[in-house]
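This report refers to the structure that appears directly beneath it.
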Amino acid sequence: MLGTLKFLGVGITALCCVLCGFFKSYKLAVREKALEEVTQMLREMYIELSYNSPDTKELLIRIASKKDFKHLGFLNECTDRLSFEPFPTAWGNSLKSEKTLCFLSEDIQILGDLGKLLGTTDIEGQLAGIKALENRISLKLERARQNVLKEASLYRTLGILAGIGAVVITI
């Protein structure tokens, strides 16, 4: 009986180690995908502003209605908040309550800068600002891609090795 519990505990410990490694690897991949979606969102905002010149609320509603941004949950939350909050406040609050585990604080800061930019200058100023933010996000995306290539398999391997190590030490 005691031996069975010991093996069960060892198995659970090993499984937890492996799952931690795979979860960390997953988070890297999700961040890469989310940054790709942010880049696409900025490009679509640029196009919308260039050709249609919508106001900020209409722009956000058009962008949020696209199905391409499943990792950007703050877009839908922001459009919901626009009915009772002004845009900069709604944008900031939706970013603060972002439930995606993948964004780093520096990513959120860039998105926050977008909220400060939209609707505050003329169209040309907004377009220039969006291009600058797109360049910043592109650098983050490139680093995220490098992290996925370098670190994702490392985290999975470390998780597996930690699980094996836990089994060997316990037995």
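Each chain in the structure tokens gets a letter, A, B and so on, in the order shown; residues start at 1 in every chain, and ligands are counted from 1 in the order they appear.
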
Leaving out Phe87 in chain A and any residue of its chain fewer than 5 positions from it, which residues lie within 10 Å of it when counting only C-alpha atoms, given as an NGL selection string?
-> :A and (56-57 or 60 or 78-79 or 81-82 or 92-93 or 115-116 or 118-119)

Which residues come within 9 Å of Phe103 in chain A, counting only C-alpha atoms, excluding same-chain residues fewer than 5 positions away, as a PyMOL selection string?
-> chain A and resi 30-31+34-35+98+108

Selection file, C-alpha atoms, as a JSON list (two decimals), in the first residue's frame:
```json
[["chain", "number", "residue", "atom", "x", "y", "z"],
["A", 30, "VAL", "CA", 1.10, 31.77, -28.11],
["A", 31, "ARG", "CA", 3.01, 35.03, -27.59],
["A", 34, "ALA", "CA", -0.49, 37.05, -30.57],
["A", 35, "LEU", "CA", 2.26, 39.42, -31.72],
["A", 98, "GLU", "CA", -6.29, 41.29, -20.58],
["A", 108, "ILE", "CA", 1.14, 45.83, -23.16]]
```

Computed interatomic separation between CA of Ala64 in chain A and CA of Trp91 in chain A (Å) | 12.4 Å

Nearest to Glu36 in chain A among A:Phe69, A:Tyr51, A:Phe22, A:Phe7, with distances taken over only C-alpha atoms: which residue is it?
->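 Counting only C-alpha atoms, the residue closest to Glu36 in chain A is A:Phe69.
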
Given the choices A:Ser105, A:Ser25, A:Thr39, A:Ser53, which gets closest to Leu133 in chain A if the distance is worked out from only C-alpha atoms?
->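 Of the candidates, the smallest distance to Leu133 in chain A is held by A:Thr39.
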
Work out how far CA of Ile110 in chain A is from CA of Arg136 in chain A, in Å to one decimal.
->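 Distance between the two atoms: 7.7 Å.
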
Skip Leu158 in chain A itself and residues of its chain fewer than 2 positions away, then list as a list in words all residues within 12 Å of it, counting only C-alpha atoms.
->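 Listing them by chain and then by number gives Ala14, Cys17, Val18, Leu19, Cys20, Gly21, Phe22, Phe23, Lys24, Ser25, Glu151, Ala152, Ser153, Leu154, Tyr155, Arg156, Ile160, Leu161, Ala162, Gly163, Ile164, Gly165 and Ala166 of chain A.
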
Output C-alpha atoms for every residue in that selection, as a JSON list (two decimals), in the first residue's frame.
```json
[["chain", "number", "residue", "atom", "x", "y", "z"],
["A", 14, "ALA", "CA", 7.03, 13.67, -12.83],
["A", 17, "CYS", "CA", 7.44, 18.66, -14.15],
["A", 18, "VAL", "CA", 6.76, 17.59, -17.73],
["A", 19, "LEU", "CA", 3.58, 19.68, -17.93],
["A", 20, "CYS", "CA", 5.39, 22.76, -16.59],
["A", 21, "GLY", "CA", 7.96, 22.48, -19.36],
["A", 22, "PHE", "CA", 5.31, 22.02, -22.03],
["A", 23, "PHE", "CA", 3.23, 24.92, -20.66],
["A", 24, "LYS", "CA", 6.19, 27.30, -20.77],
["A", 25, "SER", "CA", 6.88, 26.20, -24.34],
["A", 151, "GLU", "CA", 13.80, 28.05, -25.95],
["A", 152, "ALA", "CA", 10.59, 26.12, -26.68],
["A", 153, "SER", "CA", 12.30, 22.77, -27.15],
["A", 154, "LEU", "CA", 14.61, 23.60, -24.25],
["A", 155, "TYR", "CA", 11.64, 24.04, -21.88],
["A", 156, "ARG", "CA", 10.06, 20.81, -23.05],
["A", 160, "ILE", "CA", 10.98, 15.91, -19.19],
["A", 161, "LEU", "CA", 14.42, 15.74, -17.58],
["A", 162, "ALA", "CA", 13.10, 17.26, -14.34],
["A", 163, "GLY", "CA", 10.36, 14.64, -14.32],
["A", 164, "ILE", "CA", 12.87, 11.85, -14.88],
["A", 165, "GLY", "CA", 15.13, 13.37, -12.21],
["A", 166, "ALA", "CA", 12.26, 13.47, -9.73]]
```

Which is closest to Gly129 in chain A among A:Arg145, A:Arg43, A:Lys33, A:His71, if we use only C-alpha atoms?
-> A:Arg43

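CA of Glu32 in chain A lies 5.4 Å from CA of Ala144 in chain A.
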
For each of A:Ile171, A:Leu104, A:Ala132, A:Ile12, take the minimum atom-to-atom distance to Tyr46 in chain A, counting only C-alpha atoms, then give the residue where this is smallest.
->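 Closest to Tyr46 in chain A, using only C-alpha atoms: A:Ala132.
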
Test item, helix (DSSP H, G or I) assignment across range 5-160 of chain A, answer as number ranges by chain = A: 5-51, 56-64, 73-81, 87-96, 105-117, 123-160

Give me a file of those residues, with C-alpha atoms, as a CSV table (one decimal), in the first residue's frame.
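See out.csv below for the written result:
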```csv
chain,number,residue,atom,x,y,z
A,5,LEU,CA,1.3,5.6,-2.8
A,6,LYS,CA,5.0,6.3,-3.3
A,7,PHE,CA,4.8,5.4,-7.0
A,8,LEU,CA,1.6,7.4,-7.4
A,9,GLY,CA,3.3,10.5,-5.8
A,10,VAL,CA,6.4,10.0,-8.0
A,11,GLY,CA,4.2,9.7,-11.1
A,12,ILE,CA,2.3,12.9,-10.3
A,13,THR,CA,5.5,14.8,-9.5
A,14,ALA,CA,7.0,13.7,-12.8
A,15,LEU,CA,3.9,14.6,-14.7
A,16,CYS,CA,3.8,18.0,-13.1
A,17,CYS,CA,7.4,18.7,-14.2
A,18,VAL,CA,6.8,17.6,-17.7
A,19,LEU,CA,3.6,19.7,-17.9
A,20,CYS,CA,5.4,22.8,-16.6
A,21,GLY,CA,8.0,22.5,-19.4
A,22,PHE,CA,5.3,22.0,-22.0
A,23,PHE,CA,3.2,24.9,-20.7
A,24,LYS,CA,6.2,27.3,-20.8
A,25,SER,CA,6.9,26.2,-24.3
A,26,TYR,CA,3.2,26.7,-25.2
A,27,LYS,CA,3.3,30.3,-23.8
A,28,LEU,CA,6.2,31.2,-26.0
A,29,ALA,CA,4.3,30.0,-29.1
A,30,VAL,CA,1.1,31.8,-28.1
A,31,ARG,CA,3.0,35.0,-27.6
A,32,GLU,CA,4.5,34.7,-31.1
A,33,LYS,CA,1.0,34.2,-32.6
A,34,ALA,CA,-0.5,37.0,-30.6
A,35,LEU,CA,2.3,39.4,-31.7
A,36,GLU,CA,1.6,38.3,-35.3
A,37,GLU,CA,-2.0,39.2,-34.8
A,38,VAL,CA,-1.1,42.6,-33.3
A,39,THR,CA,1.1,43.3,-36.4
A,40,GLN,CA,-1.9,42.4,-38.6
A,41,MET,CA,-4.2,44.5,-36.5
A,42,LEU,CA,-1.9,47.6,-36.9
A,43,ARG,CA,-1.7,47.0,-40.7
A,44,GLU,CA,-5.5,46.8,-41.0
A,45,MET,CA,-5.9,49.9,-38.8
A,46,TYR,CA,-3.4,51.7,-41.1
A,47,ILE,CA,-5.5,50.7,-44.2
A,48,GLU,CA,-8.8,51.6,-42.6
A,49,LEU,CA,-7.5,55.0,-41.6
A,50,SER,CA,-5.9,55.6,-45.0
A,51,TYR,CA,-8.9,54.8,-47.1
A,56,THR,CA,-11.9,55.8,-33.4
A,57,LYS,CA,-14.9,54.0,-32.2
A,58,GLU,CA,-15.9,52.9,-35.7
A,59,LEU,CA,-12.3,51.9,-36.5
A,60,LEU,CA,-12.1,49.7,-33.4
A,61,ILE,CA,-15.5,48.1,-34.1
A,62,ARG,CA,-14.4,47.2,-37.6
A,63,ILE,CA,-11.1,45.8,-36.4
A,64,ALA,CA,-12.7,43.8,-33.5
A,73,GLY,CA,-9.5,39.5,-26.5
A,74,PHE,CA,-9.0,43.1,-25.3
A,75,LEU,CA,-10.4,44.3,-28.7
A,76,ASN,CA,-13.9,43.0,-28.0
A,77,GLU,CA,-13.8,44.1,-24.4
A,78,CYS,CA,-12.8,47.6,-25.5
A,79,THR,CA,-15.7,47.8,-27.9
A,80,ASP,CA,-18.0,46.7,-25.2
A,81,ARG,CA,-16.6,49.4,-22.8
A,87,PHE,CA,-11.9,55.5,-25.9
A,88,PRO,CA,-8.6,56.1,-24.0
A,89,THR,CA,-10.1,54.9,-20.8
A,90,ALA,CA,-11.8,51.9,-22.4
A,91,TRP,CA,-8.6,50.9,-24.2
A,92,GLY,CA,-6.5,51.2,-21.1
A,93,ASN,CA,-9.0,49.3,-18.9
A,94,SER,CA,-9.3,46.5,-21.4
A,95,LEU,CA,-5.6,46.1,-21.6
A,96,LYS,CA,-5.3,46.0,-17.8
A,105,SER,CA,4.5,44.1,-19.9
A,106,GLU,CA,6.5,45.7,-22.7
A,107,ASP,CA,4.0,44.4,-25.2
A,108,ILE,CA,1.1,45.8,-23.2
A,109,GLN,CA,3.0,49.1,-23.0
A,110,ILE,CA,3.2,49.3,-26.8
A,111,LEU,CA,-0.5,48.5,-27.1
A,112,GLY,CA,-1.1,51.2,-24.5
A,113,ASP,CA,0.8,53.7,-26.7
A,114,LEU,CA,-1.6,52.8,-29.5
A,115,GLY,CA,-4.5,53.8,-27.3
A,116,LYS,CA,-2.9,57.1,-26.5
A,117,LEU,CA,-2.3,57.7,-30.3
A,123,ILE,CA,-5.0,61.1,-39.8
A,124,GLU,CA,-1.4,61.6,-41.0
A,125,GLY,CA,-0.2,61.7,-37.4
A,126,GLN,CA,-2.1,58.6,-36.6
A,127,LEU,CA,-0.7,56.8,-39.7
A,128,ALA,CA,2.8,57.8,-38.8
A,129,GLY,CA,2.3,56.6,-35.2
A,130,ILE,CA,0.8,53.3,-36.3
A,131,LYS,CA,3.8,52.7,-38.6
A,132,ALA,CA,6.2,53.4,-35.7
A,133,LEU,CA,4.3,51.1,-33.4
A,134,GLU,CA,4.3,48.4,-36.1
A,135,ASN,CA,8.1,48.7,-36.3
A,136,ARG,CA,8.3,48.3,-32.5
A,137,ILE,CA,6.0,45.3,-32.5
A,138,SER,CA,7.9,43.7,-35.4
A,139,LEU,CA,11.1,43.8,-33.4
A,140,LYS,CA,9.3,42.1,-30.5
A,141,LEU,CA,7.8,39.6,-32.9
A,142,GLU,CA,11.3,38.8,-34.3
A,143,ARG,CA,12.6,38.2,-30.8
A,144,ALA,CA,9.6,36.1,-30.0
A,145,ARG,CA,10.2,33.9,-33.0
A,146,GLN,CA,13.9,33.5,-32.0
A,147,ASN,CA,12.7,32.5,-28.5
A,148,VAL,CA,10.4,29.9,-29.8
A,149,LEU,CA,13.1,28.4,-32.0
A,150,LYS,CA,15.7,28.5,-29.2
A,151,GLU,CA,13.8,28.1,-26.0
A,152,ALA,CA,10.6,26.1,-26.7
A,153,SER,CA,12.3,22.8,-27.1
A,154,LEU,CA,14.6,23.6,-24.3
A,155,TYR,CA,11.6,24.0,-21.9
A,156,ARG,CA,10.1,20.8,-23.1
A,157,THR,CA,13.3,18.9,-22.6
A,158,LEU,CA,14.0,20.4,-19.2
A,159,GLY,CA,10.5,19.5,-18.1
A,160,ILE,CA,11.0,15.9,-19.2
```
